[in-house]
>>> print(open('my_file12.cif').read())   # mmCIF, C-alpha atoms
data_work
#
loop_
_atom_site.group_PDB
_atom_site.id
_atom_site.type_symbol
_atom_site.label_atom_id
_atom_site.label_comp_id
_atom_site.auth_asym_id
_atom_site.auth_seq_id
_atom_site.Cartn_x
_atom_site.Cartn_y
_atom_site.Cartn_z
ATOM 1 C CA TYR A 1 94.412 80.822 70.339
ATOM 2 C CA THR A 2 92.777 77.432 70.145
ATOM 3 C CA GLY A 3 91.941 74.702 72.554
ATOM 4 C CA GLU A 4 91.819 74.373 76.279
ATOM 5 C CA PRO A 5 94.285 76.276 78.437
ATOM 6 C CA HIS A 6 96.817 74.352 80.477
ATOM 7 C CA PRO A 7 97.260 75.190 84.161
ATOM 8 C CA ASP A 8 100.441 77.133 83.328
ATOM 9 C CA GLY A 9 98.468 79.384 80.950
ATOM 10 C CA ALA A 10 99.789 77.847 77.726
ATOM 11 C CA ALA A 11 97.413 76.358 75.164
ATOM 12 C CA ARG A 12 98.308 72.914 73.843
ATOM 13 C CA GLY A 13 101.969 73.556 73.412
ATOM 14 C CA LEU A 14 101.648 77.170 72.340
ATOM 15 C CA PRO A 15 103.580 79.679 74.407
ATOM 16 C CA ALA A 16 101.583 82.074 76.554
ATOM 17 C CA PRO A 17 101.121 85.416 74.802
ATOM 18 C CA SER A 18 103.395 88.160 76.057
ATOM 19 C CA ILE A 19 101.989 91.010 78.096
ATOM 20 C CA GLU A 20 102.542 93.283 75.083
ATOM 21 C CA ASP A 21 100.561 90.922 72.839
ATOM 22 C CA GLN A 22 97.773 90.687 75.415
ATOM 23 C CA ARG A 23 97.625 94.485 75.701
ATOM 24 C CA GLU A 24 97.467 94.953 71.936
ATOM 25 C CA LEU A 25 94.856 92.206 71.603
ATOM 26 C CA LEU A 26 92.685 93.883 74.231
ATOM 27 C CA ARG A 27 93.232 97.337 72.709
ATOM 28 C CA GLY A 28 92.287 96.017 69.273
ATOM 29 C CA LEU A 29 89.155 94.339 70.580
ATOM 30 C CA LEU A 30 88.023 97.341 72.604
ATOM 31 C CA THR A 31 88.396 99.769 69.727
ATOM 32 C CA SER A 32 86.732 97.456 67.207
ATOM 33 C CA GLY A 33 83.131 97.595 66.082
ATOM 34 C CA TYR A 34 82.221 94.352 67.874
ATOM 35 C CA PRO A 35 84.334 93.915 71.009
ATOM 36 C CA ASP A 36 81.649 91.774 72.616
ATOM 37 C CA LYS A 37 82.021 89.088 69.955
ATOM 38 C CA GLY A 38 85.796 88.901 70.294
ATOM 39 C CA LEU A 39 85.680 88.896 74.074
ATOM 40 C CA GLU A 40 83.016 86.199 74.119
ATOM 41 C CA LEU A 41 85.122 84.043 71.785
ATOM 42 C CA LEU A 42 88.139 84.479 74.068
ATOM 43 C CA HIS A 43 85.944 83.628 77.038
ATOM 44 C CA ARG A 44 84.555 80.447 75.430
ATOM 45 C CA THR A 45 88.010 79.187 74.434
ATOM 46 C CA GLY A 46 89.383 79.627 77.960
ATOM 47 C CA PHE A 47 91.727 82.488 77.068
ATOM 48 C CA VAL A 48 89.999 84.915 79.451
ATOM 49 C CA ALA A 49 90.157 82.452 82.348
ATOM 50 C CA ALA A 50 93.808 81.649 81.647
ATOM 51 C CA PHE A 51 95.145 85.167 81.162
ATOM 52 C CA TRP A 52 92.534 87.628 82.440
ATOM 53 C CA PRO A 53 90.974 85.830 85.429
ATOM 54 C CA GLU A 54 89.725 89.154 86.795
ATOM 55 C CA LEU A 55 87.341 89.274 83.835
ATOM 56 C CA ALA A 56 86.444 85.594 83.987
ATOM 57 C CA ALA A 57 85.223 86.063 87.571
ATOM 58 C CA MET A 58 82.374 88.235 86.279
ATOM 59 C CA ALA A 59 80.762 85.286 84.479
ATOM 60 C CA SER A 60 79.996 83.492 87.727
ATOM 61 C CA VAL A 61 78.177 86.424 89.341
ATOM 62 C CA GLU A 62 74.411 86.375 88.912
ATOM 63 C CA GLN A 63 72.501 89.626 89.287
ATOM 64 C CA SER A 64 68.974 90.461 90.360
ATOM 65 C CA LYS A 65 66.552 89.821 87.507
ATOM 66 C CA GLU A 66 64.678 92.954 88.610
ATOM 67 C CA TYR A 67 67.610 95.200 87.686
ATOM 68 C CA HIS A 68 69.553 93.004 85.279
ATOM 69 C CA PRO A 69 67.293 90.642 83.354
ATOM 70 C CA GLU A 70 70.085 90.217 80.796
ATOM 71 C CA GLY A 71 71.929 87.867 83.147
ATOM 72 C CA ASP A 72 75.270 87.648 84.913
ATOM 73 C CA VAL A 73 77.861 90.402 85.158
ATOM 74 C CA TRP A 74 79.796 89.134 82.107
ATOM 75 C CA THR A 75 76.664 89.104 79.920
ATOM 76 C CA HIS A 76 75.765 92.597 81.134
ATOM 77 C CA THR A 77 79.289 93.833 80.422
ATOM 78 C CA LEU A 78 79.211 92.566 76.837
ATOM 79 C CA ALA A 79 75.792 94.185 76.357
ATOM 80 C CA ALA A 80 77.145 97.484 77.694
ATOM 81 C CA LEU A 81 79.984 97.339 75.150
ATOM 82 C CA ARG A 82 77.429 96.786 72.368
ATOM 83 C CA SER A 83 75.512 99.868 73.552
ATOM 84 C CA ARG A 84 78.357 102.376 73.220
ATOM 85 C CA LYS A 85 78.143 105.118 70.633
ATOM 86 C CA HIS A 86 81.848 105.764 70.067
ATOM 87 C CA PHE A 87 84.968 103.651 70.038
ATOM 88 C CA GLY A 88 87.475 105.462 72.260
ATOM 89 C CA ILE A 89 89.748 103.205 74.273
ATOM 90 C CA ALA A 90 89.053 104.868 77.657
ATOM 91 C CA LEU A 91 85.289 104.482 77.338
ATOM 92 C CA ALA A 92 85.557 100.922 76.035
ATOM 93 C CA ALA A 93 87.968 99.874 78.796
ATOM 94 C CA ALA A 94 85.712 101.476 81.407
ATOM 95 C CA LEU A 95 82.690 99.650 79.992
ATOM 96 C CA LEU A 96 84.594 96.368 80.118
ATOM 97 C CA LEU A 97 85.741 96.967 83.686
ATOM 98 C CA HIS A 98 82.903 99.023 85.234
ATOM 99 C CA ASP A 99 81.414 96.095 87.185
ATOM 100 C CA MET A 100 84.673 94.256 87.766
ATOM 101 C CA GLY A 101 84.275 94.879 91.513
ATOM 102 C CA LYS A 102 81.006 92.964 91.796
ATOM 103 C CA PRO A 103 82.546 89.524 92.470
ATOM 104 C CA ALA A 104 84.651 90.896 95.351
ATOM 105 C CA ALA A 105 81.820 93.096 96.663
ATOM 106 C CA ARG A 106 79.466 90.108 96.713
ATOM 107 C CA GLU A 107 81.948 88.067 98.741
ATOM 108 C CA GLY A 108 82.236 90.792 101.378
ATOM 109 C CA GLY A 109 78.746 92.271 101.048
ATOM 110 C CA ASN A 110 75.455 91.702 102.753
ATOM 111 C CA ARG A 111 72.332 89.998 101.443
ATOM 112 C CA GLU A 112 70.296 93.165 100.982
ATOM 113 C CA ARG A 113 73.032 95.013 99.104
ATOM 114 C CA PRO A 114 75.338 92.349 97.657
ATOM 115 C CA PHE A 115 77.223 94.750 95.381
ATOM 116 C CA GLU A 116 77.693 97.640 97.782
ATOM 117 C CA ASN A 117 80.925 99.558 97.050
ATOM 118 C CA HIS A 118 81.514 97.631 93.823
ATOM 119 C CA ALA A 119 82.470 100.828 91.992
ATOM 120 C CA GLU A 120 85.239 101.677 94.457
ATOM 121 C CA ILE A 121 86.461 98.085 94.603
ATOM 122 C CA GLY A 122 86.282 97.871 90.815
ATOM 123 C CA ALA A 123 88.301 101.064 90.361
ATOM 124 C CA GLY A 124 91.204 99.499 92.249
ATOM 125 C CA LEU A 125 90.921 96.198 90.399
ATOM 126 C CA ALA A 126 90.688 97.944 87.026
ATOM 127 C CA THR A 127 93.802 99.965 87.832
ATOM 128 C CA ARG A 128 95.783 96.839 88.716
ATOM 129 C CA PHE A 129 94.518 94.955 85.641
ATOM 130 C CA LEU A 130 95.421 97.733 83.206
ATOM 131 C CA ARG A 131 98.812 98.339 84.827
ATOM 132 C CA ARG A 132 99.598 94.611 84.662
ATOM 133 C CA LEU A 133 98.964 94.760 80.914
ATOM 134 C CA GLY A 134 101.184 97.844 80.572
ATOM 135 C CA PHE A 135 98.604 100.440 79.567
ATOM 136 C CA SER A 136 99.679 104.068 79.915
ATOM 137 C CA ASP A 137 99.301 105.902 83.223
ATOM 138 C CA SER A 138 97.023 108.397 81.493
ATOM 139 C CA LEU A 139 94.618 105.710 80.292
ATOM 140 C CA VAL A 140 94.709 103.959 83.665
ATOM 141 C CA ALA A 141 93.781 107.226 85.432
ATOM 142 C CA GLN A 142 90.913 107.890 83.013
ATOM 143 C CA VAL A 143 89.483 104.400 83.431
ATOM 144 C CA GLU A 144 89.910 104.546 87.206
ATOM 145 C CA TYR A 145 87.823 107.771 87.307
ATOM 146 C CA LEU A 146 85.124 106.339 85.016
ATOM 147 C CA VAL A 147 84.814 103.072 86.921
ATOM 148 C CA ARG A 148 84.872 104.751 90.352
ATOM 149 C CA PHE A 149 82.091 107.191 89.467
ATOM 150 C CA HIS A 150 80.008 105.128 87.035
ATOM 151 C CA MET A 151 77.075 104.995 89.483
ATOM 152 C CA MET A 152 77.165 108.718 90.275
ATOM 153 C CA PRO A 153 75.128 110.086 87.325
ATOM 154 C CA ALA A 154 72.026 108.384 88.746
ATOM 155 C CA ALA A 155 72.397 110.423 91.934
ATOM 156 C CA LEU A 156 73.187 113.802 90.343
ATOM 157 C CA PRO A 157 69.621 115.186 90.425
ATOM 158 C CA ARG A 158 69.404 114.535 94.173
ATOM 159 C CA LEU A 159 72.795 115.904 95.219
ATOM 160 C CA PRO A 160 73.655 119.511 96.027
ATOM 161 C CA LEU A 161 75.936 121.307 93.588
ATOM 162 C CA TYR A 162 78.814 121.574 96.078
ATOM 163 C CA ARG A 163 79.002 117.741 96.088
ATOM 164 C CA THR A 164 78.875 117.351 92.302
ATOM 165 C CA GLU A 165 80.665 120.407 90.929
ATOM 166 C CA ARG A 166 84.106 118.804 90.886
ATOM 167 C CA LEU A 167 82.789 115.643 89.229
ATOM 168 C CA MET A 168 80.901 117.567 86.550
ATOM 169 C CA SER A 169 83.810 119.921 85.839
ATOM 170 C CA SER A 170 86.097 117.019 84.915
ATOM 171 C CA PRO A 171 86.979 116.807 81.214
ATOM 172 C CA LEU A 172 85.952 113.136 81.525
ATOM 173 C CA PHE A 173 82.386 113.982 82.552
ATOM 174 C CA PRO A 174 80.972 113.517 79.002
ATOM 175 C CA GLU A 175 82.618 110.068 78.911
ATOM 176 C CA LEU A 176 81.084 109.290 82.304
ATOM 177 C CA LEU A 177 77.633 110.172 80.975
ATOM 178 C CA GLU A 178 78.180 107.939 77.940
ATOM 179 C CA LEU A 179 79.314 105.109 80.220
ATOM 180 C CA TYR A 180 76.177 105.593 82.309
ATOM 181 C CA ARG A 181 73.967 105.648 79.196
ATOM 182 C CA ALA A 182 75.513 102.455 77.797
ATOM 183 C CA ASP A 183 75.297 100.793 81.216
ATOM 184 C CA LEU A 184 71.597 101.668 81.467
ATOM 185 C CA ALA A 185 70.893 100.638 77.881
ATOM 186 C CA SER A 186 72.364 97.202 78.554
ATOM 187 C CA THR A 187 69.974 96.530 81.425
ATOM 188 C CA TYR A 188 66.911 96.687 79.175
ATOM 189 C CA ARG A 189 65.450 99.247 81.524
ATOM 190 C CA GLU A 190 63.958 102.553 80.490
ATOM 191 C CA PRO A 191 66.618 105.331 80.596
ATOM 192 C CA SER A 192 64.411 108.116 82.021
ATOM 193 C CA GLY A 193 67.014 108.917 84.697
ATOM 194 C CA TYR A 194 69.589 109.678 82.014
#
>>> encode(input="my_file12.cif", output="structure tokens")
Amino acid sequence: YTGEPHPDGAARGLPAPSIEDQRELLRGLLTSGYPDKGLELLHRTGFVAAFWPELAAMASVEQSKEYHPEGDVWTHTLAALRSRKHFGIALAAALLLHDMGKPAAREGGNRERPFENHAEIGAGLATRFLRRLGFSDSLVAQVEYLVRFHMMPAALPRLPLYRTERLMSSPLFPELLELYRADLASTYREPSGY
């Protein structure tokens, strides 16, 4: 993919990539050793804006320097992908999409809590994005769980067991903890809560 995208999604006479090609491109990037570099290249060339506008929206959302000195949501997302310790597709997709709800939450949020409910909003957006690209129902369900609950590990020490037992008994709970760890590591904050 080279050059600027045209309004119809094609790049300088090249046909738009098929949904299957987009899915395999994303899968290949997410399971690679350096997904952040590939995604940033696609972002700079206009591919992300042309074909994955849900992801492109993250680049325009600034975050509080107190909690996210690394920058906007897109920059944070790429840093979270760099922080992962294994290369499974569910974890990588969840890292890519975990803050996808922040642009929509900011639009409907309040000044004191601009990203309130971003995890729930993001879970729905992530589901639609992955389904549009034709990912399996199993992967979509795993990513939906991880995105929806990615903020929950921070609250676990304060919640009673009856509220957390179901979450912690999920076979995806270790993935959720890894998502939380990578998310924290990408904020340049100290991970004592982990």
>>> residues_around(input="my_file12.cif", residues="segment 27-32 of chain A", least_positions_apart="5", cutoff="6 Å", atoms="all atoms listed in the file", output="list in words")
Phe87, Ile89 and Ala92 of chain A
>>> closest_residue(input="my_file12.cif", among="A:Glu178, A:Arg132, A:Glu144, A:Met152", to="Gly88 of chain A", atoms="all atoms listed in the file")
A:Glu178
>>> atom_distance(input="my_file12.cif", atom1="atom CA of Phe173 of chain A", atom2="atom CA of Pro53 of chain A")
29.6 Å
>>> residues_around(input="my_file12.cif", residues="Pro174 of chain A", least_positions_apart="2", cutoff="12 Å", atoms="all atoms listed in the file", output="VMD selection string")
chain A and resid 86 90 to 91 146 150 153 167 to 172 176 to 181
>>> resolve_selection(input="my_file12.cif", expression="the PyMOL selection byres ((chain A and resi 20) around 12)", output="VMD selection string")
chain A and resid 16 to 19 21 to 27 130 to 135
>>> atom_distance(input="my_file12.cif", atom1="atom CA of Glu54 of chain A", atom2="atom CA of Ser138 of chain A")
21.3 Å
>>> closest_residue(input="my_file12.cif", among="A:Trp52, A:Trp74, A:Pro35, A:Thr164", to="Ala126 of chain A", atoms="only C-alpha atoms")
A:Trp52
>>> closest_residue(input="my_file12.cif", among="A:Val61, A:Ala141, A:Ala182, A:Met100", to="Ala79 of chain A", atoms="all atoms listed in the file")
A:Ala182
>>> resolve_selection(input="my_file12.cif", expression="the PyMOL selection byres ((chain A and resi 39) around 9)", output="NGL selection string")
:A and (26 or 29-30 or 34-38 or 40-44 or 48 or 78)
>>> write_last_selection(input="my_file12.cif", atoms="C-alpha atoms", output="short mmCIF file (atom, residue, chain, number, x, y, z; two decimals), in the coordinates of the input")
data_model
loop_
_atom_site.label_atom_id
_atom_site.label_comp_id
_atom_site.auth_asym_id
_atom_site.auth_seq_id
_atom_site.Cartn_x
_atom_site.Cartn_y
_atom_site.Cartn_z
CA LEU A 26 92.68 93.88 74.23
CA LEU A 29 89.16 94.34 70.58
CA LEU A 30 88.02 97.34 72.60
CA TYR A 34 82.22 94.35 67.87
CA PRO A 35 84.33 93.92 71.01
CA ASP A 36 81.65 91.77 72.62
CA LYS A 37 82.02 89.09 69.96
CA GLY A 38 85.80 88.90 70.29
CA GLU A 40 83.02 86.20 74.12
CA LEU A 41 85.12 84.04 71.78
CA LEU A 42 88.14 84.48 74.07
CA HIS A 43 85.94 83.63 77.04
CA ARG A 44 84.56 80.45 75.43
CA VAL A 48 90.00 84.92 79.45
CA LEU A 78 79.21 92.57 76.84
#
>>> atom_distance(input="my_file12.cif", atom1="atom CA of Leu96 of chain A", atom2="atom CA of Ala123 of chain A")
11.9 Å
>>> closest_residue(input="my_file12.cif", among="A:Ser60, A:Thr45, A:Ser83, A:Ser136", to="Ala185 of chain A", atoms="all atoms listed in the file")
A:Ser83
>>> resolve_selection(input="my_file12.cif", expression="the PyMOL selection byres ((chain A and resi 119) around 9)", output="PDB file with C-alpha atoms, in the coordinates of the input")
ATOM      1  CA  HIS A  98      82.903  99.023  85.234  1.00  0.00           C
ATOM      2  CA  ASP A  99      81.414  96.095  87.185  1.00  0.00           C
ATOM      3  CA  MET A 100      84.673  94.256  87.766  1.00  0.00           C
ATOM      4  CA  GLY A 101      84.275  94.879  91.513  1.00  0.00           C
ATOM      5  CA  LYS A 102      81.006  92.964  91.796  1.00  0.00           C
ATOM      6  CA  PHE A 115      77.223  94.750  95.381  1.00  0.00           C
ATOM      7  CA  GLU A 116      77.693  97.640  97.782  1.00  0.00           C
ATOM      8  CA  ASN A 117      80.925  99.558  97.050  1.00  0.00           C
ATOM      9  CA  HIS A 118      81.514  97.631  93.823  1.00  0.00           C
ATOM     10  CA  GLU A 120      85.239 101.677  94.457  1.00  0.00           C
ATOM     11  CA  ILE A 121      86.461  98.085  94.603  1.00  0.00           C
ATOM     12  CA  GLY A 122      86.282  97.871  90.815  1.00  0.00           C
ATOM     13  CA  ALA A 123      88.301 101.064  90.361  1.00  0.00           C
ATOM     14  CA  GLY A 124      91.204  99.499  92.249  1.00  0.00           C
ATOM     15  CA  VAL A 147      84.814 103.072  86.921  1.00  0.00           C
ATOM     16  CA  ARG A 148      84.872 104.751  90.352  1.00  0.00           C
ATOM     17  CA  PHE A 149      82.091 107.191  89.467  1.00  0.00           C
ATOM     18  CA  HIS A 150      80.008 105.128  87.035  1.00  0.00           C
ATOM     19  CA  MET A 151      77.075 104.995  89.483  1.00  0.00           C
TER      20      MET A 151
END
>>> closest_residue(input="my_file12.cif", among="A:Ala80, A:Met58, A:Ala93, A:Ala49", to="Leu139 of chain A", atoms="only C-alpha atoms")
A:Ala93
>>> axis_aligned_box(input="my_file12.cif", around="segment 142-150 of chain A", padding_each_side="5 Å", output="AutoDock Vina command-line options")
--center_x 85.5 --center_y 105.5 --center_z 86.7 --size_x 20.9 --size_y 14.8 --size_z 17.3
